[in-house]
$ cat structure_28.txt   # compact mmCIF, C-alpha atoms
# COMPACT_ATOMS: atom_id res chain seq x y z
CA MET A 11 14.75 1.62 25.63
CA PRO A 12 12.95 3.66 28.34
CA ARG A 13 11.00 1.88 31.06
CA LYS A 14 7.25 1.83 30.29
CA PRO A 15 4.85 3.97 32.32
CA THR A 16 2.74 2.16 34.89
CA ILE A 17 -0.96 1.77 34.13
CA ARG A 18 -2.52 2.81 37.45
CA GLN A 19 -6.13 2.40 36.38
CA THR A 20 -8.20 1.39 33.34
CA GLU A 21 -11.91 1.87 32.81
CA THR A 22 -14.23 1.19 29.90
CA VAL A 23 -15.87 4.56 29.29
CA ALA A 24 -17.89 3.79 26.14
CA ARG A 25 -18.87 0.73 24.21
CA SER A 26 -20.78 -0.10 21.03
CA ARG A 27 -21.43 -3.24 19.00
CA LEU A 28 -17.92 -3.12 17.45
CA PHE A 29 -15.85 -0.77 19.59
CA ARG A 30 -14.73 -0.40 23.18
CA ILE A 31 -13.09 2.77 24.49
CA GLU A 32 -10.84 2.62 27.54
CA ALA A 33 -9.64 5.46 29.75
CA LEU A 34 -6.18 4.97 31.29
CA GLU A 35 -4.39 6.65 34.14
CA LEU A 36 -0.65 6.40 33.55
CA GLU A 37 2.38 7.26 35.63
CA PHE A 38 5.55 7.87 33.63
CA THR A 39 8.94 7.06 35.11
CA ASN A 40 9.59 10.78 35.64
CA GLY A 41 6.57 10.90 37.96
CA THR A 42 4.19 12.60 35.52
CA VAL A 43 0.63 11.29 35.80
CA THR A 44 -1.58 11.60 32.72
CA HIS A 45 -4.92 10.41 31.40
CA TYR A 46 -5.25 8.79 27.97
CA GLU A 47 -8.03 7.20 25.98
CA ARG A 48 -7.58 4.30 23.63
CA LEU A 49 -9.71 2.11 21.41
CA ALA A 50 -9.22 -1.51 22.41
CA GLY A 51 -8.19 -3.91 19.65
CA SER A 52 -10.79 -6.41 18.52
CA GLY A 53 -10.03 -10.05 19.12
CA ARG A 54 -7.05 -11.43 17.27
CA GLY A 55 -6.69 -8.56 14.84
CA ALA A 56 -6.94 -8.34 11.09
CA VAL A 57 -5.18 -9.81 8.13
CA LEU A 58 -4.17 -7.85 5.01
CA ILE A 59 -3.22 -9.95 2.01
CA VAL A 60 -0.88 -9.14 -0.89
CA PRO A 61 -1.94 -11.54 -3.66
CA VAL A 62 0.89 -11.61 -6.25
CA THR A 63 0.35 -13.18 -9.69
CA GLU A 64 2.93 -14.94 -11.88
CA ALA A 65 2.99 -11.77 -14.01
CA GLY A 66 4.17 -9.68 -11.03
CA GLU A 67 0.83 -7.97 -10.50
CA VAL A 68 -0.99 -7.53 -7.22
CA LEU A 69 -4.75 -8.04 -7.05
CA LEU A 70 -6.48 -5.04 -5.46
CA VAL A 71 -10.16 -4.64 -4.62
CA ARG A 72 -12.38 -1.59 -4.92
CA GLU A 73 -14.51 -1.52 -1.80
CA TYR A 74 -16.89 0.95 -0.19
CA ALA A 75 -15.25 2.47 2.90
CA ALA A 76 -17.82 3.71 5.41
CA GLY A 77 -15.31 5.65 7.52
CA VAL A 78 -14.71 8.10 4.66
CA HIS A 79 -17.93 7.42 2.64
CA ARG A 80 -16.29 6.67 -0.72
CA TYR A 81 -14.82 3.75 -2.64
CA GLU A 82 -11.20 2.92 -1.83
CA LEU A 83 -8.85 0.81 -3.93
CA GLY A 84 -6.65 -1.35 -1.73
CA LEU A 85 -5.49 -4.78 -0.68
CA PRO A 86 -8.05 -7.38 0.43
CA LYS A 87 -8.39 -7.69 4.22
CA GLY A 88 -10.59 -8.86 7.03
CA ARG A 89 -10.82 -9.94 10.62
CA ILE A 90 -9.35 -13.18 11.92
CA GLU A 91 -12.30 -15.20 13.20
CA GLY A 92 -12.31 -17.20 16.43
CA GLU A 93 -9.54 -19.79 16.56
CA GLU A 94 -8.86 -19.60 12.82
CA PRO A 95 -5.12 -19.88 11.99
CA LEU A 96 -3.66 -16.70 10.51
CA LEU A 97 -2.81 -18.09 7.08
CA GLU A 98 -6.22 -19.78 6.78
CA ALA A 99 -7.86 -16.43 7.51
CA ALA A 100 -5.76 -14.87 4.75
CA ASN A 101 -6.71 -17.57 2.26
CA ARG A 102 -10.40 -17.30 3.20
CA GLU A 103 -10.40 -13.55 2.67
CA ILE A 104 -8.92 -13.73 -0.84
CA MET A 105 -11.35 -16.49 -1.82
CA GLU A 106 -14.22 -14.26 -0.64
CA GLU A 107 -13.01 -10.89 -1.93
CA VAL A 108 -10.78 -11.67 -4.93
CA GLY A 109 -11.98 -15.08 -6.16
CA PHE A 110 -8.58 -16.75 -5.81
CA ALA A 111 -6.92 -19.07 -3.33
CA ALA A 112 -3.17 -19.45 -2.81
CA ASN A 113 -0.93 -22.50 -2.53
CA ARG A 114 1.80 -20.40 -0.94
CA LEU A 115 1.11 -18.07 2.00
CA GLU A 116 3.61 -16.44 4.34
CA GLU A 117 3.38 -13.77 7.03
CA LEU A 118 5.57 -10.81 6.13
CA THR A 119 5.13 -8.50 9.13
CA SER A 120 2.61 -6.96 11.52
CA LEU A 121 1.50 -3.35 11.30
CA THR A 122 -0.26 -0.98 13.69
CA LEU A 123 -2.47 1.91 12.59
CA ALA A 124 -2.04 4.62 15.21
CA PRO A 125 -0.48 2.88 18.21
CA GLY A 126 -0.86 5.99 20.37
CA TYR A 127 -4.62 5.44 20.68
CA LEU A 128 -5.55 2.24 18.78
CA GLY A 129 -4.80 -1.29 19.94
CA HIS A 130 -5.36 -2.80 16.49
CA THR A 131 -2.83 -5.09 14.81
CA THR A 132 -2.86 -6.08 11.14
CA HIS A 133 -0.88 -9.11 9.95
CA VAL A 134 0.44 -8.77 6.40
CA VAL A 135 0.46 -12.01 4.38
CA ILE A 136 1.98 -12.52 0.91
CA ALA A 137 -0.12 -14.94 -1.18
CA ARG A 138 1.43 -16.62 -4.22
CA ASP A 139 0.80 -19.52 -6.56
CA LEU A 140 -2.82 -18.41 -6.97
CA TYR A 141 -5.67 -20.40 -8.52
CA PRO A 142 -9.30 -19.44 -9.15
CA ARG A 143 -11.61 -20.28 -6.26
CA ARG A 144 -14.50 -18.19 -5.02
CA GLU A 145 -16.23 -18.57 -1.67
CA PRO A 146 -19.24 -16.53 -0.53
CA GLY A 147 -18.35 -13.71 1.88
CA ASP A 148 -20.31 -11.21 3.91
CA GLU A 149 -19.74 -8.26 1.54
CA PRO A 150 -22.95 -6.36 0.70
CA GLU A 151 -21.94 -6.24 -2.99
CA GLU A 152 -19.39 -7.97 -5.22
CA LEU A 153 -16.01 -6.24 -5.17
CA GLU A 154 -14.30 -5.19 -8.38
CA VAL A 155 -10.83 -6.75 -8.66
CA VAL A 156 -8.09 -4.52 -10.12
CA PRO A 157 -4.68 -6.01 -11.06
CA TRP A 158 -1.80 -3.55 -10.67
CA PRO A 159 1.92 -4.01 -11.46
CA LEU A 160 3.92 -4.25 -8.23
CA ALA A 161 6.64 -2.21 -9.94
CA ASP A 162 4.33 0.88 -10.13
CA ILE A 163 3.49 1.55 -6.48
CA GLY A 164 4.35 5.24 -6.73
CA GLU A 165 1.78 5.79 -9.46
CA LEU A 166 -0.80 3.78 -7.52
CA ALA A 167 -0.23 5.74 -4.29
CA ALA A 168 -0.71 9.02 -6.19
CA ARG A 169 -4.34 8.10 -7.02
CA PRO A 170 -6.95 9.91 -4.91
CA ASP A 171 -8.76 6.63 -4.12
CA VAL A 172 -5.59 4.94 -2.80
CA THR A 173 -4.96 6.39 0.66
CA GLU A 174 -4.73 3.52 3.12
CA ALA A 175 -1.35 3.54 4.88
CA ARG A 176 -1.52 -0.24 5.48
CA THR A 177 -1.95 -0.97 1.78
CA ILE A 178 0.87 1.37 0.72
CA ALA A 179 3.29 0.10 3.41
CA ALA A 180 2.48 -3.56 2.63
CA LEU A 181 3.07 -3.06 -1.10
CA TYR A 182 6.49 -1.44 -0.62
CA LEU A 183 7.54 -4.08 1.93
CA THR A 184 6.42 -6.87 -0.42
CA ARG A 185 8.32 -5.34 -3.33
CA ASP A 186 11.47 -5.18 -1.18
CA ARG A 187 10.98 -8.78 -0.02
CA LEU A 188 10.52 -10.15 -3.55
CA ALA A 189 13.56 -8.18 -4.78
CA THR A 190 15.65 -9.79 -2.01
CA GLU A 191 14.47 -13.27 -3.02
CA GLU A 192 15.38 -12.63 -6.65
CA GLY A 193 18.72 -11.01 -5.73
CA MET B 149 -16.25 3.90 -10.24
CA PRO B 150 -19.42 2.43 -8.64
CA ARG B 151 -22.10 4.73 -7.32
CA LYS B 152 -21.84 5.18 -3.54
CA PRO B 153 -24.39 3.63 -1.23
CA THR B 154 -26.98 5.99 0.26
CA ILE B 155 -26.65 6.76 3.98
CA ARG B 156 -30.26 6.30 5.15
CA GLN B 157 -29.61 7.05 8.80
CA THR B 158 -26.77 7.97 11.16
CA GLU B 159 -26.78 7.93 14.92
CA THR B 160 -24.13 8.59 17.57
CA VAL B 161 -24.17 5.39 19.64
CA ALA B 162 -21.24 6.05 21.99
CA ARG B 163 -19.07 8.99 22.89
CA SER B 164 -16.08 9.68 25.14
CA ARG B 165 -13.77 12.63 25.72
CA LEU B 166 -11.80 11.88 22.51
CA PHE B 167 -13.94 9.54 20.41
CA ARG B 168 -17.38 9.45 18.84
CA ILE B 169 -18.87 6.24 17.40
CA GLU B 170 -21.56 6.45 14.73
CA ALA B 171 -23.94 3.74 13.55
CA LEU B 172 -24.95 3.96 9.87
CA GLU B 173 -27.73 2.38 7.90
CA LEU B 174 -26.65 2.09 4.27
CA GLU B 175 -28.42 1.08 1.10
CA PHE B 176 -26.12 -0.17 -1.66
CA THR B 177 -27.03 0.36 -5.32
CA ASN B 178 -27.96 -3.33 -5.60
CA GLY B 179 -30.64 -2.79 -2.95
CA THR B 180 -28.75 -4.43 -0.07
CA VAL B 181 -29.33 -2.64 3.24
CA THR B 182 -26.61 -3.02 5.90
CA HIS B 183 -25.59 -1.55 9.23
CA TYR B 184 -22.06 -0.31 9.87
CA GLU B 185 -20.25 1.40 12.70
CA ARG B 186 -17.51 3.94 12.28
CA LEU B 187 -15.31 6.12 14.44
CA ALA B 188 -15.77 9.74 13.41
CA GLY B 189 -12.60 11.65 12.50
CA SER B 190 -11.50 14.33 14.94
CA GLY B 191 -11.53 17.88 13.68
CA ARG B 192 -9.12 18.66 10.86
CA GLY B 193 -7.06 15.49 11.20
CA ALA B 194 -3.44 14.90 12.01
CA VAL B 195 -0.10 15.77 10.55
CA LEU B 196 2.83 13.35 10.23
CA ILE B 197 6.18 14.95 9.49
CA VAL B 198 9.22 13.50 7.69
CA PRO B 199 12.14 15.71 8.85
CA VAL B 200 15.04 15.11 6.44
CA THR B 201 18.55 16.34 7.27
CA GLU B 202 21.27 17.48 4.86
CA ALA B 203 22.95 14.09 5.45
CA GLY B 204 19.91 12.23 4.12
CA GLU B 205 18.73 11.04 7.53
CA VAL B 206 15.21 11.22 8.89
CA LEU B 207 14.63 12.23 12.50
CA LEU B 208 12.46 9.70 14.31
CA VAL B 209 11.10 9.87 17.87
CA ARG B 210 10.72 7.14 20.44
CA GLU B 211 7.36 7.68 22.10
CA TYR B 212 5.14 5.76 24.48
CA ALA B 213 2.12 4.39 22.59
CA ALA B 214 -0.83 3.79 24.91
CA GLY B 215 -2.84 1.79 22.35
CA VAL B 216 -0.27 -1.01 22.46
CA HIS B 217 1.40 -0.16 25.84
CA ARG B 218 5.01 -0.01 24.62
CA TYR B 219 7.46 2.44 23.11
CA GLU B 220 7.24 2.87 19.35
CA LEU B 221 9.88 4.41 17.09
CA GLY B 222 8.28 6.50 14.36
CA LEU B 223 7.86 9.85 12.68
CA PRO B 224 6.77 12.87 14.74
CA LYS B 225 3.05 13.64 14.49
CA GLY B 226 0.15 15.40 16.12
CA ARG B 227 -3.27 16.92 15.70
CA ILE B 228 -3.93 20.07 13.71
CA GLU B 229 -5.30 22.58 16.19
CA GLY B 230 -8.23 24.91 15.50
CA GLU B 231 -7.66 27.12 12.46
CA GLU B 232 -3.93 26.42 12.36
CA PRO B 233 -2.59 26.12 8.77
CA LEU B 234 -1.36 22.63 7.93
CA LEU B 235 2.32 23.50 7.41
CA GLU B 236 2.38 25.57 10.62
CA ALA B 237 1.02 22.57 12.51
CA ALA B 238 3.80 20.44 11.01
CA ASN B 239 6.48 22.94 12.00
CA ARG B 240 5.04 23.27 15.52
CA GLU B 241 5.07 19.51 16.03
CA ILE B 242 8.74 19.10 15.05
CA MET B 243 9.73 22.03 17.26
CA GLU B 244 7.93 20.33 20.19
CA GLU B 245 8.92 16.72 19.55
CA VAL B 246 12.25 16.85 17.71
CA GLY B 247 13.75 20.21 18.67
CA PHE B 248 14.07 21.45 15.09
CA ALA B 249 12.13 23.80 12.83
CA ALA B 250 12.16 23.74 9.03
CA ASN B 251 12.57 26.49 6.44
CA ARG B 252 11.07 24.24 3.76
CA LEU B 253 7.80 22.37 4.29
CA GLU B 254 5.60 20.72 1.68
CA GLU B 255 2.59 18.42 1.84
CA LEU B 256 3.37 15.12 0.14
CA THR B 257 0.06 13.25 0.40
CA SER B 258 -2.80 12.33 2.72
CA LEU B 259 -3.22 8.89 4.27
CA THR B 260 -6.10 7.06 5.91
CA LEU B 261 -5.68 4.37 8.58
CA ALA B 262 -8.56 1.94 8.10
CA PRO B 263 -11.07 3.80 5.91
CA GLY B 264 -13.65 1.04 6.34
CA TYR B 265 -14.37 2.11 9.92
CA LEU B 266 -12.21 5.16 10.75
CA GLY B 267 -12.80 8.68 9.45
CA HIS B 268 -9.28 9.84 10.32
CA THR B 269 -6.99 11.58 7.82
CA THR B 270 -3.25 12.13 8.25
CA HIS B 271 -1.45 14.72 6.14
CA VAL B 272 2.18 13.81 5.39
CA VAL B 273 4.59 16.77 5.29
CA ILE B 274 8.25 16.67 4.25
CA ALA B 275 10.36 19.09 6.32
CA ARG B 276 13.77 20.19 5.05
CA ASP B 277 16.36 22.88 5.66
CA LEU B 278 16.17 22.20 9.40
CA TYR B 279 17.59 24.38 12.21
CA PRO B 280 17.60 23.83 15.98
CA ARG B 281 14.57 25.28 17.72
CA ARG B 282 12.71 23.76 20.63
CA GLU B 283 9.25 24.72 21.82
CA PRO B 284 7.47 23.25 24.84
CA GLY B 285 4.85 20.61 23.94
CA ASP B 286 2.26 18.64 25.85
CA GLU B 287 4.26 15.40 25.98
CA PRO B 288 4.44 13.84 29.47
CA GLU B 289 8.17 13.19 29.03
CA GLU B 290 10.94 14.29 26.65
CA LEU B 291 11.10 12.15 23.51
CA GLU B 292 14.34 10.53 22.40
CA VAL B 293 15.27 11.58 18.85
CA VAL B 294 16.77 8.86 16.64
CA PRO B 295 18.32 9.76 13.25
CA TRP B 296 17.99 7.02 10.64
CA PRO B 297 19.31 6.88 7.03
CA LEU B 298 16.41 7.23 4.59
CA ALA B 299 18.19 4.66 2.39
CA ASP B 300 17.66 1.91 5.03
CA ILE B 301 13.88 1.79 5.42
CA GLY B 302 13.74 -1.98 5.03
CA GLU B 303 16.05 -2.51 8.01
CA LEU B 304 14.06 0.01 10.05
CA ALA B 305 10.71 -1.61 9.23
CA ALA B 306 12.08 -4.99 10.35
CA ARG B 307 12.54 -3.70 13.93
CA PRO B 308 9.91 -4.91 16.40
CA ASP B 309 9.32 -1.36 17.70
CA VAL B 310 8.64 0.05 14.20
CA THR B 311 5.13 -1.06 13.25
CA GLU B 312 3.13 2.01 12.34
CA ALA B 313 1.82 1.75 8.77
CA ARG B 314 1.71 5.55 8.42
CA THR B 315 5.39 5.91 9.28
CA ILE B 316 6.49 3.13 6.93
CA ALA B 317 4.31 4.36 4.03
CA ALA B 318 5.46 7.97 4.52
CA LEU B 319 9.14 6.99 4.52
CA TYR B 320 8.90 5.00 1.28
CA LEU B 321 6.86 7.74 -0.41
CA THR B 322 9.40 10.37 0.71
CA ARG B 323 12.31 8.29 -0.57
CA ASP B 324 10.57 7.97 -3.95
CA ARG B 325 9.84 11.70 -4.06
CA LEU B 326 13.43 12.71 -3.25
CA ALA B 327 14.76 10.23 -5.84
CA THR B 328 12.52 11.86 -8.47
CA GLU B 329 13.83 15.32 -7.56
CA GLU B 330 17.43 14.14 -7.86
CA GLY B 331 16.73 12.20 -11.06
$ encode --input "structure_28.txt" --output "structure tokens"
Amino acid sequence: MPRKPTIRQTETVARSRLFRIEALELEFTNGTVTHYERLAGSGRGAVLIVPVTEAGEVLLVREYAAGVHRYELGLPKGRIEGEEPLLEAANREIMEEVGFAANRLEELTSLTLAPGYLGHTTHVVIARDLYPRREPGDEPEELEVVPWPLADIGELAARPDVTEARTIAALYLTRDRLATEEG
Amino acid sequence: MPRKPTIRQTETVARSRLFRIEALELEFTNGTVTHYERLAGSGRGAVLIVPVTEAGEVLLVREYAAGVHRYELGLPKGRIEGEEPLLEAANREIMEEVGFAANRLEELTSLTLAPGYLGHTTHVVIARDLYPRREPGDEPEELEVVPWPLADIGELAARPDVTEARTIAALYLTRDRLATEEG
């Protein structure tokens, strides 16, 4: 593993209500000095939940995505708030977005989005042993819930409204994990 | 498919050399009015390449990732420049980062990162029929190339330096595509 470059200087160059952009001056071990920009991660990161039913389906939500101005079908997700434990955040999000809670929650892995310029981390949580329970969330409209067989990820990923790399990666990783448990 | 909310107003609220942050005022079809922020996508987006060898290995690169300040092992990638055709951009990036060019390039799919607040699109290109060819790039140091069997994605994704959702999603989707071709 190469030795990391030294961060010689950091400066916040732009800031908005949600985002903070940092400029970095870096010196690599070969002596090269470069300037990068990155978006700082927000707080404790996000949680992405894979709710799996007894029938082997995952519960997806259809949600408006402002970044691309269209509806996207994907896994429920949200920010971890304050001191909230990770698995509680996951359970809260599925109660708000999907209308279910889980008796069994486990962290599968952590994902980054574009680690070259984003500091964001997303924790992937598998939720099982589900039961109906809805809590009010901060969504501007109710989300449509779409069950999808975990066995058919390829067909799902081919849809034009299923594009989010986190959702696709989390579904494949969950399928592998469940296959290992059954094996 | 629900009808999209109406964008009533957009405003650039922060800007840096690389990033531009927009504030949106949206009216959903149920009458709810909300305010969002999003990071505008840059130009024509990025390309992520899956270089597959005759032996069924993919060629990964170990690259410093400023967003998380550590080295990350993942697929080669980069921005599409100006009017450059997509597949030419893919071939340029692997010549610069991996030291190979491809006789056979095809777009597999497009991925988003976090469509709720990022406008970025990444085009995934499978590169085959590889031959050695290096071109100078703009990397601050030479990247280490790591071949990895496409059959062992689960083991790869379990490594602490392999976290990028785009890389993991692209590898699974490529494995599925190649299995279909062979089937």
$ closest_atom_pairs --input "structure_28.txt" --of "chain A" --to "chain B" --cutoff "7 Å" --atoms "only C-alpha atoms" --output "JSON lines"
{"residue": "A:Lys14", "atom": "CA", "partner": "B:Arg218", "partner_atom": "CA", "distance": 6.4}
{"residue": "A:Val23", "atom": "CA", "partner": "B:Ser164", "partner_atom": "CA", "distance": 6.6}
{"residue": "A:Ala24", "atom": "CA", "partner": "B:Ala162", "partner_atom": "CA", "distance": 5.8}
{"residue": "A:Arg25", "atom": "CA", "partner": "B:Ala162", "partner_atom": "CA", "distance": 6.2}
{"residue": "A:Ser26", "atom": "CA", "partner": "B:Ala162", "partner_atom": "CA", "distance": 6.2}
{"residue": "A:Leu28", "atom": "CA", "partner": "B:Glu185", "partner_atom": "CA", "distance": 7.0}
{"residue": "A:Thr42", "atom": "CA", "partner": "B:Pro288", "partner_atom": "CA", "distance": 6.2}
{"residue": "A:Glu47", "atom": "CA", "partner": "B:Leu166", "partner_atom": "CA", "distance": 6.9}
{"residue": "A:Arg48", "atom": "CA", "partner": "B:Gly215", "partner_atom": "CA", "distance": 5.5}
{"residue": "A:Leu49", "atom": "CA", "partner": "B:Gly215", "partner_atom": "CA", "distance": 6.9}
{"residue": "A:Ala75", "atom": "CA", "partner": "B:Gly264", "partner_atom": "CA", "distance": 4.1}
{"residue": "A:Ala76", "atom": "CA", "partner": "B:Gly264", "partner_atom": "CA", "distance": 5.0}
{"residue": "A:Gly77", "atom": "CA", "partner": "B:Tyr265", "partner_atom": "CA", "distance": 4.4}
{"residue": "A:Val78", "atom": "CA", "partner": "B:Gly267", "partner_atom": "CA", "distance": 5.2}
{"residue": "A:Arg80", "atom": "CA", "partner": "B:Lys152", "partner_atom": "CA", "distance": 6.4}
{"residue": "A:Ser120", "atom": "CA", "partner": "B:Thr311", "partner_atom": "CA", "distance": 6.6}
{"residue": "A:Leu121", "atom": "CA", "partner": "B:Thr311", "partner_atom": "CA", "distance": 4.7}
{"residue": "A:Thr122", "atom": "CA", "partner": "B:Glu312", "partner_atom": "CA", "distance": 4.7}
{"residue": "A:Leu123", "atom": "CA", "partner": "B:Glu312", "partner_atom": "CA", "distance": 5.6}
{"residue": "A:Ala124", "atom": "CA", "partner": "B:Glu312", "partner_atom": "CA", "distance": 6.5}
{"residue": "A:Pro125", "atom": "CA", "partner": "B:Gly215", "partner_atom": "CA", "distance": 4.9}
{"residue": "A:Gly126", "atom": "CA", "partner": "B:Ala213", "partner_atom": "CA", "distance": 4.0}
{"residue": "A:Tyr127", "atom": "CA", "partner": "B:Gly215", "partner_atom": "CA", "distance": 4.4}
{"residue": "A:Leu128", "atom": "CA", "partner": "B:Gly215", "partner_atom": "CA", "distance": 4.5}
{"residue": "A:Gly129", "atom": "CA", "partner": "B:Gly215", "partner_atom": "CA", "distance": 4.4}
{"residue": "A:Pro150", "atom": "CA", "partner": "B:Thr180", "partner_atom": "CA", "distance": 6.2}
{"residue": "A:Thr173", "atom": "CA", "partner": "B:Leu259", "partner_atom": "CA", "distance": 4.7}
{"residue": "A:Glu174", "atom": "CA", "partner": "B:Thr260", "partner_atom": "CA", "distance": 4.7}
{"residue": "A:Ala175", "atom": "CA", "partner": "B:Arg314", "partner_atom": "CA", "distance": 5.1}
{"residue": "A:Arg176", "atom": "CA", "partner": "B:Ala313", "partner_atom": "CA", "distance": 5.1}
{"residue": "A:Ile178", "atom": "CA", "partner": "B:Ala317", "partner_atom": "CA", "distance": 5.6}
{"residue": "A:Ala179", "atom": "CA", "partner": "B:Ala317", "partner_atom": "CA", "distance": 4.4}
$ residues_around --input "structure_28.txt" --residues "segment 84-88 of chain A" --least-positions-apart "5" --cutoff "6 Å" --atoms "only C-alpha atoms" --output "ChimeraX atom specification"
/A:56-59,70-71,177
$ write_last_selection --input "structure_28.txt" --atoms "C-alpha atoms" --output "PDB file, keeping the file's coordinate frame"
ATOM      1  CA  ALA A  56      -6.940  -8.340  11.090  1.00  0.00           C
ATOM      2  CA  VAL A  57      -5.180  -9.810   8.130  1.00  0.00           C
ATOM      3  CA  LEU A  58      -4.170  -7.850   5.010  1.00  0.00           C
ATOM      4  CA  ILE A  59      -3.220  -9.950   2.010  1.00  0.00           C
ATOM      5  CA  LEU A  70      -6.480  -5.040  -5.460  1.00  0.00           C
ATOM      6  CA  VAL A  71     -10.160  -4.640  -4.620  1.00  0.00           C
ATOM      7  CA  THR A 177      -1.950  -0.970   1.780  1.00  0.00           C
TER       8      THR A 177
END
$ closest_residue --input "structure_28.txt" --among "B:Glu329, B:Leu278, B:Pro295, B:Leu304" --to "Glu202 of chain B" --atoms "all atoms listed in the file"
B:Leu278
$ residues_around --input "structure_28.txt" --residues "Arg276 of chain B" --least-positions-apart "5" --cutoff "8 Å" --atoms "all atoms listed in the file" --output "ChimeraX atom specification"
/B:199-202,250-253
$ atom_distance --input "structure_28.txt" --atom1 "atom CA of His271 of chain B" --atom2 "atom CA of Asn239 of chain B"
12.8 Å
$ atom_distance --input "structure_28.txt" --atom1 "atom CA of Arg102 of chain A" --atom2 "atom CA of Arg185 of chain A"
23.2 Å
$ atom_distance --input "structure_28.txt" --atom1 "atom CA of Gly55 of chain A" --atom2 "atom CA of Arg144 of chain A"
23.4 Å
$ residues_around --input "structure_28.txt" --residues "segment 234-237 of chain B" --least-positions-apart "6" --cutoff "8 Å" --atoms "all atoms listed in the file" --output "compact mmCIF listing (two decimals) with C-alpha atoms, in the frame of the given file"
# COMPACT_ATOMS: atom_id res chain seq x y z
CA VAL B 195 -0.10 15.77 10.55
CA ARG B 227 -3.27 16.92 15.70
CA ILE B 228 -3.93 20.07 13.71
CA LEU B 253 7.80 22.37 4.29
CA GLU B 254 5.60 20.72 1.68
CA GLU B 255 2.59 18.42 1.84
CA VAL B 273 4.59 16.77 5.29
$ build_atoms --input "structure_28.txt" --residues "segment 34-38 of chain A" --atoms "all heavy atoms" --output "PDB file, in the coordinates of the input"
ATOM      1  N   LEU A  34      -7.352   5.454  30.541  1.00  0.00           N
ATOM      2  CA  LEU A  34      -6.180   4.970  31.290  1.00  0.00           C
ATOM      3  C   LEU A  34      -5.640   6.085  32.162  1.00  0.00           C
ATOM      4  O   LEU A  34      -5.574   7.235  31.723  1.00  0.00           O
ATOM      5  CB  LEU A  34      -5.038   4.602  30.336  1.00  0.00           C
ATOM      6  CG  LEU A  34      -5.245   3.590  29.235  1.00  0.00           C
ATOM      7  CD1 LEU A  34      -3.953   3.471  28.438  1.00  0.00           C
ATOM      8  CD2 LEU A  34      -5.614   2.256  29.855  1.00  0.00           C
ATOM      9  N   GLU A  35      -5.210   5.730  33.350  1.00  0.00           N
ATOM     10  CA  GLU A  35      -4.390   6.650  34.140  1.00  0.00           C
ATOM     11  C   GLU A  35      -2.984   6.070  34.164  1.00  0.00           C
ATOM     12  O   GLU A  35      -2.794   4.916  34.559  1.00  0.00           O
ATOM     13  CB  GLU A  35      -4.930   6.792  35.557  1.00  0.00           C
ATOM     14  CG  GLU A  35      -4.133   7.797  36.361  1.00  0.00           C
ATOM     15  CD  GLU A  35      -4.731   8.011  37.745  1.00  0.00           C
ATOM     16  OE1 GLU A  35      -5.709   8.760  37.870  1.00  0.00           O
ATOM     17  OE2 GLU A  35      -4.203   7.401  38.702  1.00  0.00           O
ATOM     18  N   LEU A  36      -2.022   6.877  33.718  1.00  0.00           N
ATOM     19  CA  LEU A  36      -0.650   6.400  33.550  1.00  0.00           C
ATOM     20  C   LEU A  36       0.301   7.214  34.402  1.00  0.00           C
ATOM     21  O   LEU A  36       0.142   8.435  34.514  1.00  0.00           O
ATOM     22  CB  LEU A  36      -0.217   6.601  32.097  1.00  0.00           C
ATOM     23  CG  LEU A  36      -0.888   5.743  31.036  1.00  0.00           C
ATOM     24  CD1 LEU A  36      -0.500   6.277  29.665  1.00  0.00           C
ATOM     25  CD2 LEU A  36      -0.436   4.298  31.176  1.00  0.00           C
ATOM     26  N   GLU A  37       1.303   6.537  34.951  1.00  0.00           N
ATOM     27  CA  GLU A  37       2.380   7.260  35.630  1.00  0.00           C
ATOM     28  C   GLU A  37       3.683   6.975  34.902  1.00  0.00           C
ATOM     29  O   GLU A  37       4.135   5.825  34.829  1.00  0.00           O
ATOM     30  CB  GLU A  37       2.495   6.825  37.094  1.00  0.00           C
ATOM     31  CG  GLU A  37       3.610   7.580  37.792  1.00  0.00           C
ATOM     32  CD  GLU A  37       3.657   7.317  39.302  1.00  0.00           C
ATOM     33  OE1 GLU A  37       2.714   6.701  39.837  1.00  0.00           O
ATOM     34  OE2 GLU A  37       4.654   7.738  39.914  1.00  0.00           O
ATOM     35  N   PHE A  38       4.277   8.017  34.323  1.00  0.00           N
ATOM     36  CA  PHE A  38       5.550   7.870  33.630  1.00  0.00           C
ATOM     37  C   PHE A  38       6.681   7.781  34.652  1.00  0.00           C
ATOM     38  O   PHE A  38       6.517   8.143  35.823  1.00  0.00           O
ATOM     39  CB  PHE A  38       5.753   9.054  32.671  1.00  0.00           C
ATOM     40  CG  PHE A  38       4.938   8.921  31.418  1.00  0.00           C
ATOM     41  CD1 PHE A  38       3.571   9.187  31.416  1.00  0.00           C
ATOM     42  CD2 PHE A  38       5.512   8.475  30.229  1.00  0.00           C
ATOM     43  CE1 PHE A  38       2.813   9.038  30.263  1.00  0.00           C
ATOM     44  CE2 PHE A  38       4.765   8.317  29.078  1.00  0.00           C
ATOM     45  CZ  PHE A  38       3.407   8.598  29.089  1.00  0.00           C
TER      46      PHE A  38
END
